[in-house]
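One structure below.
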Amino acid sequence: MNAYNDFCLKISSNQIKKWNLILFAVVFNLLLSLLFSFISHSVLNKTISEGFKNNLGSSLREQAIWIIIVGPFFETLLYQYAIIETANKKLTPFISCIISAFLFGLSHTYNVLYFVFAFITGFIFSTIYYIGSITKRGIFYTFLAHSIYNGIAFILNAVFNS
């Protein structure tokens with residue numbers, strides 16, 4: 001657990017460009033979603049998000065606004081900012097990020113595989129938030145990574161499922 005904190009502090013102090021963190025999160029999450037989609041199709045013969053009810057608006061434009069902007073904004077405020085900042089008062093950053101990721105995963109429980117995927121994704125977003133919060137930009141980096149990932153996933157989903 002202390003290694004996690006040291007790792008995050010080292011990344012922050014080395015001034016690794018935060019854009020690299022955002023790029024890593026987006027690419028890793030896209031690869032992870034491909035892996036989980038493959039497992040879901042191969043093993044369960046279902047889509048990974050089966051059970052997801054699309055109640056975000058009737059038009060593609062309304063859905064895009066919710067999925068790319070509104071959802072990531074409020075999820076960043078709740079799951080990364082509020083939970084991590086509150087938990088960090090009594091717990092280590094690693095445990096705070098695990099709690100954040102777990103709650104993020106629970107809020108995306110369309111099926112078991114999607115929960116695992118969302119938990120891992122939530123942990124990545126939490127880590128980016130924590131690293132970014134050291135330099136006071138955690139909310140921005142996390143929101144941007146989440147929005148870009150959701151945007152790409154939304155476009156790919158629209159293209160391949162139409």
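The way I read the labels, and the way they are meant: chains A, B, ... in the order of the structure tokens, residue 1 as the first residue of every chain, and ligand 1 as the first ligand shown, with later ones counted on from there.
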Practice item. Extract the full set of helix (DSSP H, G or I) residues from chain A according to DSSP on the backbone, and format it as an NGL selection string. Key: :A and (2-13 or 18-44 or 60-87 or 93-106 or 112-134 or 138-160)
**Study point:** Selection: 12 Å around Ser107 in chain A, only C-alpha atoms, excl. self and same-chain fewer than 4 positions, as a list in words
**Key:** Phe52, Gly71, Glu75, Leu78, Tyr79, Ser100, Ala101, Phe102, Leu103, Asn111, Val112, Tyr114, Phe115, Val116, Phe117, Ala118, Phe119 and Gly122 of chain A
Check which residues of range 4-101 of chain A sit at most 9 Å from range 133-141 of chain A using only C-alpha atoms, and return one row each with the closest pair of atoms and their distance in Å to one decimal, ordered by chain and rising number, as CSV.
residue,atom,partner,partner_atom,distance
A:Cys8,CA,A:Ile134,CA,8.8
A:Leu9,CA,A:Ile134,CA,7.7
A:Ser12,CA,A:Ile134,CA,6.9
A:Ser13,CA,A:Ile134,CA,8.9
A:Lys18,CA,A:Tyr141,CA,7.3
A:Trp19,CA,A:Tyr141,CA,8.0
A:Leu21,CA,A:Tyr141,CA,8.2
A:Ile22,CA,A:Tyr141,CA,6.6
A:Phe73,CA,A:Ile139,CA,8.7
A:Thr76,CA,A:Ile139,CA,6.5
A:Leu77,CA,A:Ile139,CA,7.3
A:Gln80,CA,A:Ile139,CA,7.7
A:Tyr81,CA,A:Ile139,CA,6.8
Exercise for review: Between A:Ser58, A:Thr92, A:Leu113, A:Leu156, single out the one closest to Ser37 in chain A, counting only C-alpha atoms.
Suggested key: A:Leu113
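With only C-alpha atoms as the atoms that count, the residue of A:Phe94, A:Phe74, A:Phe24, A:Phe154 with the shortest distance to Arg61 in chain A is A:Phe154.
For the set A:Thr121, A:Thr86, A:Asn20, A:Ser96, the residue with the smallest atom-to-atom gap to Leu32 in chain A is A:Thr121, counting only C-alpha atoms.
Closest approach to Ala3 in chain A among A:Tyr110, A:Leu144, A:Pro93, A:Ile155: A:Pro93, based on only C-alpha atoms.
Atom pair CA of Ile124 in chain A / CA of Thr142 in chain A: separated by 9.1 Å.
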Check your understanding: Can you list, as a PyMOL selection string, every protein, DNA or RNA residue that comes within 8 Å of Ile67 in chain A when you count only C-alpha atoms, leaving out same-chain residues fewer than 3 positions away?
Key -> chain A and resi 63-64+70-72+147+150-151+154
Output the selection as a PDB file, in the first residue's frame - N, CA, C and O atoms for each residue.
ATOM      1  N   GLN A  63     -27.894  11.250 -26.083  1.00  0.00           N
ATOM      2  CA  GLN A  63     -27.119  10.161 -25.495  1.00  0.00           C
ATOM      3  C   GLN A  63     -25.647  10.537 -25.408  1.00  0.00           C
ATOM      4  O   GLN A  63     -24.996  10.296 -24.388  1.00  0.00           O
ATOM      5  N   ALA A  64     -25.120  11.128 -26.476  1.00  0.00           N
ATOM      6  CA  ALA A  64     -23.703  11.531 -26.496  1.00  0.00           C
ATOM      7  C   ALA A  64     -23.410  12.545 -25.396  1.00  0.00           C
ATOM      8  O   ALA A  64     -22.392  12.440 -24.702  1.00  0.00           O
ATOM      9  N   VAL A  70     -21.914  14.716 -19.293  1.00  0.00           N
ATOM     10  CA  VAL A  70     -22.618  14.764 -18.007  1.00  0.00           C
ATOM     11  C   VAL A  70     -22.195  13.620 -17.085  1.00  0.00           C
ATOM     12  O   VAL A  70     -21.832  13.848 -15.925  1.00  0.00           O
ATOM     13  N   GLY A  71     -22.237  12.395 -17.590  1.00  0.00           N
ATOM     14  CA  GLY A  71     -21.872  11.235 -16.775  1.00  0.00           C
ATOM     15  C   GLY A  71     -20.452  11.331 -16.217  1.00  0.00           C
ATOM     16  O   GLY A  71     -20.263  11.250 -14.997  1.00  0.00           O
ATOM     17  N   PRO A  72     -19.447  11.512 -17.075  1.00  0.00           N
ATOM     18  CA  PRO A  72     -18.082  11.615 -16.549  1.00  0.00           C
ATOM     19  C   PRO A  72     -17.884  12.773 -15.571  1.00  0.00           C
ATOM     20  O   PRO A  72     -17.139  12.634 -14.593  1.00  0.00           O
ATOM     21  N   SER A 147     -14.031  11.180 -20.163  1.00  0.00           N
ATOM     22  CA  SER A 147     -14.799  11.693 -21.306  1.00  0.00           C
ATOM     23  C   SER A 147     -14.265  11.186 -22.637  1.00  0.00           C
ATOM     24  O   SER A 147     -15.048  10.790 -23.510  1.00  0.00           O
ATOM     25  N   ASN A 150     -15.114   7.429 -22.885  1.00  0.00           N
ATOM     26  CA  ASN A 150     -16.545   7.261 -23.171  1.00  0.00           C
ATOM     27  C   ASN A 150     -16.886   7.702 -24.584  1.00  0.00           C
ATOM     28  O   ASN A 150     -17.711   7.081 -25.255  1.00  0.00           O
ATOM     29  N   GLY A 151     -16.266   8.785 -25.045  1.00  0.00           N
ATOM     30  CA  GLY A 151     -16.526   9.277 -26.399  1.00  0.00           C
ATOM     31  C   GLY A 151     -16.115   8.268 -27.459  1.00  0.00           C
ATOM     32  O   GLY A 151     -16.875   7.985 -28.392  1.00  0.00           O
ATOM     33  N   PHE A 154     -18.420   5.282 -27.224  1.00  0.00           N
ATOM     34  CA  PHE A 154     -19.737   5.635 -27.753  1.00  0.00           C
ATOM     35  C   PHE A 154     -19.729   5.603 -29.277  1.00  0.00           C
ATOM     36  O   PHE A 154     -20.634   5.045 -29.907  1.00  0.00           O
TER      37      PHE A 154
END
Practice item. Enter the distance from CA of Ile131 in chain A to CA of Glu85 in chain A, in Å, rounded to one decimal. Key: 12.6 Å
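Shell of Ala153 in chain A at 9 Å, with only C-alpha atoms counted and residues fewer than 5 places along the chain excluded, is Leu30, Ser33, Ile148 and Ala158 of chain A.
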